[in-house]
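All remarks here apply to the structure that follows.
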Amino acid sequence: MTQLSTLNKYFWKYRWLFILGILFVVLTNYFRILSPQLTGYVVNTVIHSIKSGTPESIQVYNDAHSNYDLMVRKVIDQFNSQPFKNKIFFTGIILLVIAIISGLFMFLMRQTIIVMSRHIEYDQKNEIFKHYQKLDTAFYKTHSTGDLMNRIAEDVSRVRMYTGPAIMYFINLAAVIGFSIYFMLRSDVKLTLVALCPLPILALAIYFVNTIINKKSEKIQSLLSDLTTNAQESYSGIRVIKSFVQEKAMLGFFDRNSESYRSNALSLAKTEAIYFPSMALLIGLSTLITIMVGGLDVANGIPGATVGKIAEFVMYIQLLTFPVSAIGWTASMTQRAVASQKRINEFLHTEPAIQNDNQPVHISLDGNISFVHVDFTYPHTGIHAIKDFSLQINKGEKIAIVGKTGSGKSTIAQLMLRMYDIQEGLIAYDGVPINKIDLENLRSRISYVPQDVFLFSDSISNNIRFGKNEASTEQVFNAARQASIFEEINRFPDAFETMVGERGVTLSGGQKQRISIARALVREPAVVIFDDCLSAVDGKTEQEILTSLNSYLEGRTAVIITHRIFSLIQFDKIVVMNEGKIVEMGTHSELLAKNGLYKSMYQRQQEQEKKPGKS
């Protein structure tokens with residue numbers, strides 16, 4: 001239960017709804033508890049009148065009158081002198097009114113506690129999503145999307161069942177038991193003990209079954225995460241699955257995971273199924289014993305024993321039936337909530353590796369960038385990606401970083417955005433160490449086009465505007481023109497309002513890349529980073545984009561990471577990387593004169609472009 005203490009802040013936030021809910025639960029059960037007493041009075045009245053033979057004038061003797069609730073006593077006093085028929089009629093009307101009032105308070109009870117649980121669910125999902133966005137890149141490389149989704153959806157839903165129905169039924173149980181036992185003891189101690197004797201057995205059964213439920217719930221939630229991950233990956237990679245004709249294999253994999261989840265869920269359901277027959281048996285046994293003992297007392301003429309009292313106790317037991325039978329359901333929901341909240345807390349208590357300094361610095365970011373003996377190893381793989389990297393980039397310079405796949409080029413872009421923290425060395429913007437700069441301030445002043453393009457399931461215009469929410473339509477159009485995608489977008493039936501589908505699935509690779517470039521250009525930042533973002537466009541389009549970029553990048557600091565060599569952009573510095581190190585650095589002509597790695601890359605590229613079919 002310590003896992004659920006995390007929810008206390010929400011109960012405090014919605015304390016008035018919670019307090020009112022408790023009040024309405026108490027009032028609901030207070031009015032419900034009046035019915036058995038009035039019913040007992042009516043039964044005694046009927047029996048007494050039948051025995052006396054004078055129903056019109058008889059004053060009914062009620063030995064339990066003083067044990068009833070004050071409100072019931074006032075009703076009895078009001079109608080006790082009435083004729084028999086009037087007495088029965090008006091008592092029936094009172095019972096109907098009591099039922100309506102109790103129903104009204106039950107409605108208000110649900111409108112407070114259940115509504116409170118929905119508010120908590122809303123707040124908790126927002127808290128988890130907000131925390132997800134704070135977590136660093138390394139976290140997302142070691143946790144599956146399906147598991148993340150399951151915790152914010154299924155786990156939060158199960159916690160809501162605790163903050164709503166489980167708590168409501170628990171309070172209801174406490175109120176019903178409290179009122180019932182109080183009036184039962186006032187009426188007849190012996191009959192009360194007889195009626196409640198099965199409860200200790202019930203308590204032991206609940207404790208035993210709850211232990212099993214808790215263990216099984218944790219396992220089921222883990223299996224559900226695996227199942228969700230499997231499904232999510234299958235949906236995202238459906239084109240690959242179809243192209244390799246692996247539908248049956250993926251179905252078999254999903255079927256095995258699904259079967260594992262089903263068998264464990266059925267096992268839990270069977271365990272939970274023990275509760276309700278057990279409750280019915282114990283309640284039936286309690287009713288039977290109460291009628292038997294009470295009937296023998298009446299038959300033996302024991303003082304105070306009446307048929308009305310037996311009816312009253314049977315109604316008390318019936319009132320206890322649902323709350324007591326719900327103990328198992330409530331306990332099950334609570335145990336599931338504990339297991340789910342434990343999984344949620346695991347992520348909520350995960351501190352992001354990338355955090356702001358205690359006193360973060362806000363800078364205007366002119367575009368001066370310094371790398372001083374930078375060393376970096378990926379924490380989740382142990383790959384030593386950057387080794388003794390030193391580079392000075394001045395404001396307004398255009399820098400190209402070239403090299404083979406795996407040489408560490410993209411890692412430089414990640415480090416410039418502080419997606420990871422370096423282990424050794426220094427990265428500084430305008431002389432301020434990167435770890436001292438406010439993260440939002442830093443990233444809001446840099447436009448980044450990643451190697452792995454990602455588009456949202458939205459319109460093309462909104463995908464471009466994602467880089468700058470307040471961008472005007474004209475700014476969106478200009479960015480599209482600079483990315484050489486404007487004309488193609490206008491050829492779509494809905495032009496810029498065309499929906500691109502999940503991850504831009506309706507577009508070609510080149511179109512997605514150019515929209516991603518437009519998204520970066522619309523921000524008009526001081527620093528631009530392009531990470532191999534022209535790999536999916538043809539030679540002609542590449543030339544158009546580079547020609548546009550030449551004018552756009554004027555006065556801006558630009559870092560272009562690529563495995564190709566661009567001759568249309570006059571770079572101030574070209575950095576050649578190999579195995580995480582800078583092996584060559586200089587201008588295009590200087591590097592060609594060195595006859596090193598750069599020249600061999602350039603010559604190989606020239607040969608490939610001369611081949612037939614190359615543009």
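Ordering of the structure tokens sets the chain letters (A, B, ...), residue numbers begin anew at 1 in every chain, and ligands are numbered from 1 in the order given.
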Using DSSP on the backbone coordinates, identify all residues within range 581-611 of chain A classified as strand (DSSP E); present the result as a list in words.
Lys581, Ile582, Val583, Glu584, Met585 and Gly586 of chain A
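Summary of the local environment: counting only C-alpha atoms, residues at most 9 Å from Ser267 in chain A, other than itself and those fewer than 5 positions away along its chain, are A:Lys216, A:Arg262, A:Glu272.
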I need the residues from that last selection saved to file as a compact mmCIF listing (two decimals), in the first residue's frame (with N, CA and C atoms), if you can.
# COMPACT_ATOMS: atom_id res chain seq x y z
N LYS A 216 -0.20 -12.20 -8.92
CA LYS A 216 -0.66 -12.44 -10.29
C LYS A 216 -0.92 -11.14 -11.04
N ARG A 262 -3.33 -14.49 -21.68
CA ARG A 262 -4.65 -15.07 -21.43
C ARG A 262 -4.62 -16.08 -20.31
N GLU A 272 -10.12 -14.87 -8.38
CA GLU A 272 -11.11 -13.88 -7.94
C GLU A 272 -12.50 -14.50 -7.84
Which of these, A:Ile434, A:Ala480, A:Met577, A:Val176, has the shortest distance to Thr405 in chain A once you count only C-alpha atoms?
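Among A:Ile434, A:Ala480, A:Met577, A:Val176, it is A:Met577 that comes nearest to Thr405 in chain A.
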Give me the residues near Gly21 in chain A as a PyMOL selection string, where near means some atom within 10 Å (using only C-alpha atoms) and where sequence neighbours in that chain fewer than 5 positions away do not count.
chain A and resi 15-16+26-27+105-106+108-116+168+171
9 Å contact set for Val43 in chain A, only C-alpha atoms, chain neighbours under 3 positions out, as an mmCIF file with C-alpha atoms, in the first residue's frame:
data_model
loop_
_atom_site.group_PDB
_atom_site.id
_atom_site.type_symbol
_atom_site.label_atom_id
_atom_site.label_comp_id
_atom_site.auth_asym_id
_atom_site.auth_seq_id
_atom_site.Cartn_x
_atom_site.Cartn_y
_atom_site.Cartn_z
ATOM 1 C CA LEU A 38 -39.607 0.389 10.294
ATOM 2 C CA THR A 39 -40.162 -2.982 8.629
ATOM 3 C CA GLY A 40 -39.720 -4.735 11.975
ATOM 4 C CA VAL A 46 -49.510 -6.952 11.795
ATOM 5 C CA ILE A 47 -48.803 -10.005 13.999
ATOM 6 C CA HIS A 48 -49.980 -8.251 17.148
ATOM 7 C CA VAL A 307 -40.968 -12.044 14.439
ATOM 8 C CA GLY A 308 -40.423 -8.384 13.575
ATOM 9 C CA LYS A 309 -36.938 -8.525 15.077
ATOM 10 C CA ALA A 311 -37.311 -9.688 9.847
#
